[in-house]
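Pasting entry-v1.tsv here (TSV, C-alpha atoms and all ligand atoms):
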chain	number	residue	atom	x	y	z
S	745	MET	CA	70.21	1.13	135.61
S	746	SER	CA	72.94	-0.04	133.33
S	747	GLN	CA	74.55	-3.32	134.28
S	748	PHE	CA	77.84	-2.19	132.75
S	749	LYS	CA	80.42	-0.07	134.35
S	750	ALA	CA	82.84	2.13	132.45
S	751	TYR	CA	86.52	1.96	133.39
S	752	THR	CA	89.04	4.40	132.08
S	753	VAL	CA	91.97	2.48	130.59
S	754	TRP	CA	93.74	4.20	127.72
S	755	ASP	CA	94.78	7.76	128.29
S	756	ALA	CA	94.60	10.29	125.48
S	757	SER	CA	98.30	9.85	124.67
S	758	VAL	CA	97.95	6.15	123.97
S	759	ARG	CA	94.79	6.62	121.89
S	760	TRP	CA	96.29	9.40	119.79
S	761	PHE	CA	99.46	7.34	119.41
S	762	HIS	CA	97.49	4.30	118.29
S	763	TRP	CA	95.41	5.93	115.57
S	764	ILE	CA	98.16	8.22	114.26
S	765	ASN	CA	100.33	5.10	114.12
S	766	VAL	CA	97.69	3.10	112.22
S	767	LEU	CA	97.29	5.88	109.62
S	768	CYS	CA	101.05	6.29	109.17
S	769	VAL	CA	101.66	2.54	108.92
S	770	LEU	CA	98.95	2.18	106.26
S	771	GLY	CA	100.45	5.07	104.27
S	772	LEU	CA	104.01	3.71	104.63
S	773	ILE	CA	102.91	0.23	103.55
S	774	ALA	CA	101.04	1.60	100.51
S	775	ILE	CA	104.03	3.67	99.32
S	776	GLY	CA	106.39	0.80	100.25
S	777	ILE	CA	104.43	-1.50	97.93
S	778	ALA	CA	104.68	1.08	95.15
S	779	LEU	CA	108.46	1.34	95.75
S	780	LEU	CA	108.85	-2.42	95.61
S	781	ASN	CA	107.02	-2.49	92.26
S	782	ASP	CA	108.46	0.68	90.75
S	783	SER	CA	109.63	-0.94	87.51
S	784	ALA	CA	106.35	-2.80	86.99
S	785	LEU	CA	104.54	0.50	87.58
S	786	GLY	CA	106.89	2.28	85.16
S	787	VAL	CA	107.93	4.90	87.73
S	788	SER	CA	110.72	7.23	86.52
S	789	ASN	CA	113.71	8.16	88.68
S	790	ASN	CA	112.04	11.45	89.56
S	791	GLY	CA	108.88	9.56	90.43
S	792	LYS	CA	110.90	7.27	92.71
S	793	VAL	CA	112.47	10.23	94.49
S	794	LEU	CA	109.00	11.71	94.97
S	795	LEU	CA	107.61	8.43	96.35
S	796	LYS	CA	110.58	8.08	98.69
S	797	THR	CA	110.29	11.69	99.83
S	798	VAL	CA	106.61	11.30	100.71
S	799	HIS	CA	107.42	7.96	102.38
S	800	VAL	CA	110.11	9.66	104.47
S	801	TRP	CA	107.89	12.59	105.53
S	802	ILE	CA	105.19	10.18	106.69
S	803	GLY	CA	108.07	8.24	108.26
S	804	TYR	CA	109.10	11.27	110.34
S	805	VAL	CA	105.56	11.63	111.72
S	806	PHE	CA	105.52	7.89	112.39
S	807	ALA	CA	108.93	7.93	114.13
S	808	LEU	CA	108.13	10.96	116.32
S	809	ASN	CA	104.78	9.46	117.29
S	810	LEU	CA	106.51	6.20	118.21
S	811	LEU	CA	109.24	8.02	120.16
S	812	TRP	CA	106.54	9.82	122.15
S	813	ARG	CA	104.86	6.48	122.95
S	814	LEU	CA	108.13	4.96	124.14
S	815	VAL	CA	108.76	7.96	126.41
S	816	TRP	CA	105.14	7.86	127.62
S	817	ALA	CA	105.71	4.26	128.74
S	818	PHE	CA	108.09	5.69	131.38
S	819	VAL	CA	105.91	8.58	132.54
S	820	GLY	CA	102.28	7.77	131.60
S	821	GLY	CA	99.39	6.14	133.48
S	822	VAL	CA	99.47	2.59	134.93
S	823	HIS	CA	98.08	0.88	131.80
S	824	SER	CA	100.49	2.75	129.51
S	825	ARG	CA	103.68	1.84	131.33
S	826	TRP	CA	106.33	-0.72	130.51
S	827	SER	CA	105.21	-2.66	133.59
S	828	ALA	CA	101.81	-3.15	131.90
S	829	ILE	CA	103.31	-3.89	128.47
S	830	LEU	CA	106.43	-6.04	128.73
S	831	PRO	CA	105.70	-9.76	129.19
S	832	VAL	CA	107.89	-10.00	132.29
S	833	GLY	CA	107.61	-9.20	135.97
S	834	HIS	CA	106.17	-10.59	139.15
S	835	GLY	CA	103.54	-13.30	138.57
S	836	TYR	CA	103.47	-12.86	134.78
S	837	LEU	CA	104.04	-16.55	133.95
S	838	ARG	CA	101.47	-17.75	136.48
S	839	GLU	CA	98.95	-15.22	135.18
S	840	THR	CA	99.57	-16.31	131.58
S	841	ALA	CA	99.18	-20.01	132.43
S	842	SER	CA	95.89	-19.41	134.19
S	843	TYR	CA	94.67	-17.11	131.39
S	844	ILE	CA	95.39	-19.85	128.83
S	845	SER	CA	93.71	-22.58	130.90
S	846	ASP	CA	90.66	-20.33	131.34
S	847	LEU	CA	90.61	-19.75	127.57
S	848	ARG	CA	90.77	-23.51	126.97
S	849	ALA	CA	87.95	-24.16	129.45
S	850	GLY	CA	85.87	-21.42	127.84
S	851	ARG	CA	85.86	-19.32	131.03
S	852	GLN	CA	85.89	-15.61	130.54
S	853	ARG	CA	88.42	-13.42	132.15
S	854	GLN	CA	88.52	-9.74	131.43
S	855	TYR	CA	91.39	-7.36	131.81
S	856	LEU	CA	91.65	-3.65	132.05
S	857	GLY	CA	94.62	-2.91	129.84
S	858	HIS	CA	96.46	-5.69	128.01
S	859	ASN	CA	95.76	-9.36	128.73
S	860	PRO	CA	98.85	-11.61	129.17
S	861	LEU	CA	98.97	-12.72	125.53
S	862	GLY	CA	98.24	-9.18	124.39
S	863	ARG	CA	101.41	-8.10	126.19
S	864	ILE	CA	103.53	-10.40	124.03
S	865	ALA	CA	101.82	-9.14	120.88
S	866	VAL	CA	102.15	-5.48	121.81
S	867	THR	CA	105.83	-5.89	122.74
S	868	LEU	CA	106.55	-7.54	119.39
S	869	LEU	CA	104.60	-4.85	117.53
S	870	LEU	CA	106.44	-2.03	119.29
S	871	LEU	CA	109.81	-3.71	118.62
S	872	LEU	CA	108.98	-4.12	114.97
S	873	LEU	CA	107.81	-0.52	114.68
S	874	LEU	CA	111.05	0.62	116.31
S	875	THR	CA	113.05	-1.50	113.86
S	876	GLN	CA	111.24	0.06	110.89
S	877	ALA	CA	111.74	3.56	112.27
S	878	THR	CA	115.48	3.05	112.88
S	879	THR	CA	116.25	1.37	109.56
S	880	GLY	CA	114.00	3.85	107.72
S	881	LEU	CA	115.84	6.84	109.18
S	882	ILE	CA	119.17	5.33	108.09
S	883	LEU	CA	117.79	4.71	104.58
S	884	ALA	CA	116.50	8.28	104.39
S	885	GLY	CA	120.05	9.47	105.05
S	886	THR	CA	121.77	7.07	102.66
S	887	ASP	CA	119.31	7.52	99.81
S	888	LEU	CA	117.95	11.06	99.93
S	889	PHE	CA	120.61	12.62	102.21
S	890	TYR	CA	117.84	13.52	104.64
S	891	PRO	CA	118.21	14.01	108.42
S	892	PRO	CA	119.23	12.76	110.90
S	893	ILE	CA	122.34	11.24	109.24
S	894	GLY	CA	122.04	12.59	105.69
S	895	SER	CA	124.60	15.38	105.98
S	896	ARG	CA	127.27	12.96	107.26
S	897	ILE	CA	126.52	10.53	104.45
S	898	ALA	CA	126.73	13.37	101.92
S	899	SER	CA	130.17	14.42	103.22
S	900	TRP	CA	131.24	10.77	102.95
S	901	VAL	CA	130.24	10.24	99.32
S	902	ALA	CA	130.60	13.68	97.69
S	903	ALA	CA	133.14	13.72	94.83
S	904	PRO	CA	136.18	16.01	95.31
S	905	GLY	CA	135.19	19.60	94.62
S	906	ILE	CA	131.45	18.94	95.08
S	907	ASP	CA	129.74	20.71	97.97
S	908	PRO	CA	128.07	17.91	100.04
S	909	THR	CA	125.06	20.13	100.80
S	910	THR	CA	124.21	20.18	97.09
S	911	LEU	CA	124.09	16.37	96.65
S	912	VAL	CA	120.90	14.95	95.17
S	913	PRO	CA	119.78	11.32	94.73
S	914	TYR	CA	120.58	9.42	91.52
S	915	ALA	CA	123.31	11.87	90.44
S	916	ALA	CA	126.23	9.52	89.80
S	917	THR	CA	128.55	12.31	88.59
S	918	MET	CA	128.34	14.05	91.99
S	919	TYR	CA	129.59	11.01	93.95
S	920	ALA	CA	133.10	9.69	94.60
S	921	LYS	CA	132.87	6.22	93.09
S	922	ASP	CA	134.59	4.16	95.80
S	923	ALA	CA	133.02	5.99	98.72
S	924	TYR	CA	129.59	5.66	97.09
S	925	ALA	CA	130.09	1.91	96.54
S	926	ALA	CA	131.19	1.53	100.20
S	927	MET	CA	128.12	3.47	101.33
S	928	ARG	CA	125.85	1.25	99.23
S	929	SER	CA	127.26	-1.89	100.83
S	930	PHE	CA	126.86	-0.30	104.28
S	931	ARG	CA	123.16	0.23	103.61
S	932	GLU	CA	122.52	-3.17	102.02
S	933	PRO	CA	121.73	-5.07	105.26
S	934	VAL	CA	119.65	-2.09	106.42
S	935	VAL	CA	117.49	-2.32	103.29
S	936	ALA	CA	117.12	-6.06	103.89
S	937	ILE	CA	115.96	-5.56	107.50
S	938	HIS	CA	113.55	-2.78	106.42
S	939	HIS	CA	112.22	-5.07	103.72
S	940	TYR	CA	111.66	-8.10	106.00
S	941	GLY	CA	110.28	-5.80	108.70
S	942	PHE	CA	107.65	-4.66	106.21
S	943	TYR	CA	106.44	-8.24	105.63
S	944	ALA	CA	106.61	-9.07	109.34
S	945	LEU	CA	104.59	-5.96	110.17
S	946	ILE	CA	101.84	-6.81	107.70
S	947	PHE	CA	101.69	-10.32	109.16
S	948	LEU	CA	101.70	-9.23	112.81
S	949	GLY	CA	99.33	-6.32	112.12
S	950	LEU	CA	96.76	-8.70	110.63
S	951	ILE	CA	97.14	-11.09	113.57
S	952	HIS	CA	96.76	-8.14	115.96
S	953	ILE	CA	93.54	-7.00	114.32
S	954	MET	CA	92.12	-10.54	114.23
S	955	ALA	CA	93.07	-11.11	117.88
S	956	VAL	CA	91.50	-7.85	118.98
S	957	VAL	CA	88.27	-8.57	117.11
S	958	ALA	CA	88.16	-12.18	118.39
S	959	THR	CA	88.72	-11.07	121.98
S	960	GLU	CA	86.01	-8.45	121.71
S	961	LEU	CA	83.50	-10.97	120.30
S	962	ARG	CA	84.38	-13.66	122.83
S	963	GLU	CA	84.49	-11.53	125.94
S	964	GLY	CA	81.79	-9.11	125.00
S	965	GLY	CA	83.95	-6.28	126.32
S	966	THR	CA	84.44	-3.05	124.45
S	967	LEU	CA	88.07	-3.48	123.52
S	968	VAL	CA	87.98	-1.77	120.15
S	969	SER	CA	85.84	1.20	121.12
S	970	ALA	CA	88.09	1.66	124.18
S	971	MET	CA	90.89	2.55	121.79
S	972	PHE	CA	88.67	5.43	120.61
S	973	THR	CA	87.02	6.56	123.84
S	974	GLY	CA	89.57	5.36	126.40
S	975	THR	CA	86.92	3.63	128.55
S	1001	LIG	C1	91.63	-1.19	112.53
S	1001	LIG	C2	92.61	-1.86	113.04
S	1001	LIG	C3	93.00	-1.90	114.49
S	1001	LIG	C4	92.23	-2.03	115.62
S	1001	LIG	C5	90.73	-2.17	115.72
S	1001	LIG	C6	93.15	-2.01	116.75
S	1001	LIG	C7	92.78	-2.12	118.09
S	1001	LIG	C8	93.64	-2.15	119.15
S	1001	LIG	C9	93.25	-2.38	120.53
S	1001	LIG	C10	91.83	-2.64	120.99
S	1001	LIG	C11	94.37	-2.35	121.30
S	1001	LIG	C12	94.46	-2.62	122.79
S	1001	LIG	C13	94.83	-4.09	122.89
S	1001	LIG	C14	94.94	-4.68	124.27
S	1001	LIG	O1	94.08	-4.46	125.11
S	1001	LIG	O2	95.90	-5.44	124.50
S	1001	LIG	C15	95.48	-2.05	120.42
S	1001	LIG	C16	96.78	-1.88	120.83
S	1001	LIG	C17	97.83	-1.65	119.97
S	1001	LIG	N1	97.79	-1.64	118.59
S	1001	LIG	FE1	96.14	-1.77	117.46
S	1001	LIG	N2	94.44	-1.88	116.29
S	1001	LIG	C18	94.39	-1.80	114.92
S	1001	LIG	C19	95.46	-1.68	114.05
S	1001	LIG	C20	96.78	-1.58	114.45
S	1001	LIG	C21	97.90	-1.50	113.56
S	1001	LIG	C22	97.82	-1.53	112.02
S	1001	LIG	C23	99.01	-1.40	114.34
S	1001	LIG	C24	100.47	-1.28	113.94
S	1001	LIG	C25	100.99	-1.87	112.97
S	1001	LIG	C26	98.61	-1.41	115.73
S	1001	LIG	C27	99.46	-1.33	116.80
S	1001	LIG	C28	99.07	-1.39	118.12
S	1001	LIG	C29	99.97	-1.21	119.24
S	1001	LIG	C30	101.47	-0.91	119.15
S	1001	LIG	C31	99.18	-1.35	120.40
S	1001	LIG	C32	99.65	-1.17	121.83
S	1001	LIG	C33	99.16	0.18	122.27
S	1001	LIG	C34	99.94	0.77	123.39
S	1001	LIG	O3	99.89	0.29	124.52
S	1001	LIG	O4	100.62	1.76	123.12
S	1001	LIG	N3	97.23	-1.53	115.76
S	1001	LIG	N4	95.01	-1.97	119.12
S	1002	LIG	C1	105.78	0.99	109.27
S	1002	LIG	C2	106.89	1.48	108.86
S	1002	LIG	C3	107.47	1.31	107.48
S	1002	LIG	C4	107.17	0.40	106.48
S	1002	LIG	C5	106.14	-0.71	106.51
S	1002	LIG	C6	108.05	0.70	105.37
S	1002	LIG	C7	108.07	0.01	104.16
S	1002	LIG	C8	108.98	0.21	103.16
S	1002	LIG	C9	109.11	-0.60	101.95
S	1002	LIG	C10	108.26	-1.80	101.62
S	1002	LIG	C11	110.11	-0.07	101.20
S	1002	LIG	C12	110.63	-0.58	99.86
S	1002	LIG	C13	111.83	-1.45	100.20
S	1002	LIG	C14	112.77	-1.70	99.07
S	1002	LIG	O1	112.86	-0.90	98.14
S	1002	LIG	O2	113.45	-2.73	99.16
S	1002	LIG	C15	110.63	1.06	101.91
S	1002	LIG	C16	111.66	1.85	101.46
S	1002	LIG	C17	112.12	2.97	102.11
S	1002	LIG	N1	111.73	3.41	103.37
S	1002	LIG	FE1	110.29	2.59	104.51
S	1002	LIG	N2	108.83	1.78	105.69
S	1002	LIG	C18	108.51	2.18	106.97
S	1002	LIG	C19	109.06	3.22	107.68
S	1002	LIG	C20	110.01	4.10	107.19
S	1002	LIG	C21	110.53	5.24	107.89
S	1002	LIG	C22	110.14	5.65	109.31
S	1002	LIG	C23	111.42	5.85	107.05
S	1002	LIG	C24	112.23	7.10	107.26
S	1002	LIG	C25	111.87	8.14	107.94
S	1002	LIG	C26	111.49	5.07	105.84
S	1002	LIG	C27	112.31	5.33	104.77
S	1002	LIG	C28	112.43	4.56	103.64
S	1002	LIG	C29	113.32	4.86	102.53
S	1002	LIG	C30	114.28	6.04	102.40
S	1002	LIG	C31	113.14	3.85	101.58
S	1002	LIG	C32	113.86	3.71	100.22
S	1002	LIG	C33	114.92	2.69	100.35
S	1002	LIG	C34	115.43	2.25	99.00
S	1002	LIG	O3	114.75	1.50	98.31
S	1002	LIG	O4	116.51	2.68	98.64
S	1002	LIG	N3	110.61	4.02	105.95
S	1002	LIG	N4	109.94	1.22	103.09

Here is the file; what I need is its structure written in the form of structure tokens.
Ligand code: HEM
Ligand code: HEM
Amino acid sequence: MSQFKAYTVWDASVRWFHWINVLCVLGLIAIGIALLNDSALGVSNNGKVLLKTVHVWIGYVFALNLLWRLVWAFVGGVHSRWSAILPVGHGYLRETASYISDLRAGRQRQYLGHNPLGRIAVTLLLLLLLTQATTGLILAGTDLFYPPIGSRIASWVAAPGIDPTTLVPYAATMYAKDAYAAMRSFREPVVAIHHYGFYALIFLGLIHIMAVVATELREGGTLVSAMFTGT
């Protein structure tokens, strides 16, 4: 008889969310790196628009997937809910203190769902993903005139006599100069946040992967495979 018992933890929604998210984030990071190095790579303006367009389409999948996860945290199973994610709530501090002292003493303590430190990490990750999604959607509107805000931005910057629905990126003659300059300064801080968010996400993502692997090795649980099988 097996001495291990299988517990169902992650429902299908969370598992699908997780791996779709990982694929999208890797794709967005790869294209983001190309965008940051466009001159070094000798990318033409058309090439940049293409890179941005692909980045934005992956971004839509990423944002919808994230939105679904955030909704699921209100309606999903016990381990998927905000009450299991956010590092707050009844007894959280006590639980964290005893988890840390057990870690220090080398005692094992296993959790179904997130452990207390995992909850901090997951909350930060979700916040950062939400920041990238929000700033990215604004950039898509202010750069490519793509939804959800692109049509409003186009009406804002179109030169007199130019139909806003016909605006394309990098077409200076189609824009009203002052309005375009104002729009560029509106988006400046958004680009900065998107940019720093990218570095923060790489950093936190690496820590997340190292923490997950370390926890699996130390506790001998099946943390990583649980994200595939749910148990
Ligand atoms: C191959 C690499 C990865 C592995 C093996 C992995 C594994 C895991 C595991 C085992 C959990 C559950 C952790 C827990 O019990 O507290 C988890 C949760 C999570 N991971 Fe990853 N992960 C990987 C990459 C990533 C990346 C790149 C991101 C995003 C940048 C990410 C975002 C998340 C999020 C947001 C959660 C919380 C899931 C939820 O409750 O919705 N993961 N991951
Ligand atoms: C994990 C999520 C994401 C990462 C890591 C990421 C990363 C990046 C990076 C590194 C750049 C280049 C920044 C620069 O030129 O200064 C960039 C640009 C851009 N991103 Fe993202 N991005 C993410 C999500 C999104 C989403 C969801 C969208 C929209 C749906 C989006 C839309 C854009 C646009 C339009 C640009 C071009 C901005 C410009 O240079 O004018 N991104 N992204």

Check your understanding: Excluding same-chain residues fewer than 5 positions from Ala865 of chain S, what lies within 12 Å of it counting all atoms listed in the file, as a count of residues only?
Key -> 20

Exercise for review: Could you give me the residues within 8 Å of ligand LIG 1002 (chain S), counting only C-alpha atoms and all ligand atoms, as JSON, numbers by chain?
Suggested key: {"S": [768, 769, 770, 772, 773, 775, 776, 777, 778, 779, 780, 796, 797, 799, 800, 801, 802, 803, 804, 805, 806, 807, 873, 876, 877, 878, 879, 880, 881, 882, 883, 884, 885, 886, 887, 888, 935, 936, 938, 939, 941, 942, 943, 945, 946]}

Check your understanding: Between S:Leu847, S:Val901, S:Leu861, S:Ile906, which has the minimum distance to ligand LIG 1001 (chain S) (counting all atoms listed in the file)?
Key ->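 For ligand LIG 1001 (chain S), the nearest of the candidates is S:Leu861.
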
Point to revise | Residue nearest ligand LIG 1001 (chain S) among S:Gly791, S:Pro913, S:Gly965, S:Pro904 (counting only C-alpha atoms and all ligand atoms) | key: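 Looking at the shortest contact to ligand LIG 1001 (chain S), the residue is S:Gly965.
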
**Study point:** atom CA of Lys749 of chain S to atom CA of Gly862 of chain S, straight-line distance in Å
**Key:** 22.4 Å

Practice item. Could you tell me how far atom CA of Ile897 of chain S lies from atom CA of Met927 of chain S, in Å and to one decimal? Key: 7.9 Å

Exercise for review: Can you work out which one of S:Ser842, S:Ser929, S:Thr867, S:Ser899 has the shortest atom-to-atom distance to ligand LIG 1001 (chain S), counting all atoms listed in the file?
Suggested key: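 Closest to ligand LIG 1001 (chain S), using all atoms listed in the file: S:Thr867.
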
Please determine an axis-aligned box that encloses all atoms of segment 839-847 of chain S listed in the file, with 5 Å added on each side, and express its centre and edge lengths in Å to one decimal as AutoDock Vina command-line options.
--center_x 95.1 --center_y -18.9 --center_z 131.4 --size_x 19.0 --size_y 17.4 --size_z 17.6

Review point. Do you know which residues are at most 9 Å from Asp755 of chain S counting all atoms listed in the file, after dropping those on the same chain fewer than 2 positions away, and could you put them as a PyMOL selection string?
Key: chain S and resi 752-753+757-760+820-821+823-824+974-975

Point to revise | Who sits within 9 Å of Trp826 of chain S, all atoms listed in the file, same chain under 4 positions skipped, as a list in words | key: Leu814, Ala817, Phe818, Val822 and Leu830 of chain S

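The smallest atom-to-atom distance between ligand LIG 1001 (chain S) and any of S:Arg851, S:Lys792, S:His834, S:Arg863, using only C-alpha atoms and all ligand atoms, is found for S:Arg863.
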
Review point. Could you work out how far atom CA of Ala756 of chain S lies from atom O3 of ligand LIG 1001 (chain S), giving the answer in Å with one decimal?
Key: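 Taking atom O3 of ligand LIG 1001 (chain S) and atom CA of Ala756 of chain S, their separation equals 11.4 Å.
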
Review point. So which one's closest to ligand LIG 1001 (chain S), S:Leu868, S:Ala898, S:Leu808, S:Ala750? Using all atoms listed in the file, please.
Key: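 Selected residue with least distance to ligand LIG 1001 (chain S): S:Leu868.
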
Practice item. Rank nothing, just name the residue among S:Gln852, S:Pro908, S:Gly857, S:Asn809 nearest to Ser827 of chain S, using all atoms listed in the file. Key: S:Gly857

From the coordinates supplied, segment 852-865 of chain S should be written with N, CA, C and O atoms, as a PDB file, in the first residue's frame.
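Result written to part_21.pdb:
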ATOM      1  N   GLN S 852       9.572  20.060   9.452  1.00  0.00           N
ATOM      2  CA  GLN S 852       8.774  20.167   8.244  1.00  0.00           C
ATOM      3  C   GLN S 852       7.327  20.463   8.566  1.00  0.00           C
ATOM      4  O   GLN S 852       6.802  19.987   9.555  1.00  0.00           O
ATOM      5  N   ARG S 853       6.752  21.228   7.709  1.00  0.00           N
ATOM      6  CA  ARG S 853       5.348  21.547   7.910  1.00  0.00           C
ATOM      7  C   ARG S 853       4.767  21.683   6.517  1.00  0.00           C
ATOM      8  O   ARG S 853       5.231  22.488   5.725  1.00  0.00           O
ATOM      9  N   GLN S 854       3.823  20.850   6.200  1.00  0.00           N
ATOM     10  CA  GLN S 854       3.308  20.897   4.831  1.00  0.00           C
ATOM     11  C   GLN S 854       1.938  21.533   4.776  1.00  0.00           C
ATOM     12  O   GLN S 854       1.148  21.438   5.708  1.00  0.00           O
ATOM     13  N   TYR S 855       1.694  22.186   3.689  1.00  0.00           N
ATOM     14  CA  TYR S 855       0.412  22.861   3.491  1.00  0.00           C
ATOM     15  C   TYR S 855      -0.243  22.333   2.236  1.00  0.00           C
ATOM     16  O   TYR S 855       0.423  22.038   1.243  1.00  0.00           O
ATOM     17  N   LEU S 856      -1.566  22.246   2.308  1.00  0.00           N
ATOM     18  CA  LEU S 856      -2.324  22.102   1.074  1.00  0.00           C
ATOM     19  C   LEU S 856      -2.594  23.526   0.642  1.00  0.00           C
ATOM     20  O   LEU S 856      -3.041  24.331   1.435  1.00  0.00           O
ATOM     21  N   GLY S 857      -2.325  23.863  -0.594  1.00  0.00           N
ATOM     22  CA  GLY S 857      -2.483  25.267  -0.981  1.00  0.00           C
ATOM     23  C   GLY S 857      -1.212  26.019  -0.633  1.00  0.00           C
ATOM     24  O   GLY S 857      -0.157  25.418  -0.438  1.00  0.00           O
ATOM     25  N   HIS S 858      -1.306  27.345  -0.532  1.00  0.00           N
ATOM     26  CA  HIS S 858      -0.110  28.159  -0.328  1.00  0.00           C
ATOM     27  C   HIS S 858       0.335  28.150   1.123  1.00  0.00           C
ATOM     28  O   HIS S 858      -0.485  28.257   2.023  1.00  0.00           O
ATOM     29  N   ASN S 859       1.654  28.065   1.372  1.00  0.00           N
ATOM     30  CA  ASN S 859       2.142  28.249   2.727  1.00  0.00           C
ATOM     31  C   ASN S 859       2.185  29.751   3.021  1.00  0.00           C
ATOM     32  O   ASN S 859       2.043  30.568   2.112  1.00  0.00           O
ATOM     33  N   PRO S 860       2.374  30.151   4.314  1.00  0.00           N
ATOM     34  CA  PRO S 860       2.238  31.576   4.656  1.00  0.00           C
ATOM     35  C   PRO S 860       3.162  32.499   3.858  1.00  0.00           C
ATOM     36  O   PRO S 860       2.759  33.596   3.463  1.00  0.00           O
ATOM     37  N   LEU S 861       4.392  32.075   3.601  1.00  0.00           N
ATOM     38  CA  LEU S 861       5.295  32.932   2.821  1.00  0.00           C
ATOM     39  C   LEU S 861       4.885  32.920   1.359  1.00  0.00           C
ATOM     40  O   LEU S 861       4.998  33.924   0.651  1.00  0.00           O
ATOM     41  N   GLY S 862       4.401  31.763   0.896  1.00  0.00           N
ATOM     42  CA  GLY S 862       3.915  31.654  -0.474  1.00  0.00           C
ATOM     43  C   GLY S 862       2.797  32.654  -0.737  1.00  0.00           C
ATOM     44  O   GLY S 862       2.673  33.191  -1.838  1.00  0.00           O
ATOM     45  N   ARG S 863       1.977  32.918   0.310  1.00  0.00           N
ATOM     46  CA  ARG S 863       0.875  33.857   0.111  1.00  0.00           C
ATOM     47  C   ARG S 863       1.387  35.258  -0.179  1.00  0.00           C
ATOM     48  O   ARG S 863       0.804  35.982  -1.000  1.00  0.00           O
ATOM     49  N   ILE S 864       2.466  35.664   0.473  1.00  0.00           N
ATOM     50  CA  ILE S 864       3.042  36.984   0.191  1.00  0.00           C
ATOM     51  C   ILE S 864       3.548  37.016  -1.255  1.00  0.00           C
ATOM     52  O   ILE S 864       3.284  37.949  -2.018  1.00  0.00           O
ATOM     53  N   ALA S 865       4.263  35.960  -1.631  1.00  0.00           N
ATOM     54  CA  ALA S 865       4.849  35.907  -2.972  1.00  0.00           C
ATOM     55  C   ALA S 865       3.764  35.929  -4.042  1.00  0.00           C
ATOM     56  O   ALA S 865       3.860  36.667  -5.031  1.00  0.00           O
TER      57      ALA S 865
END
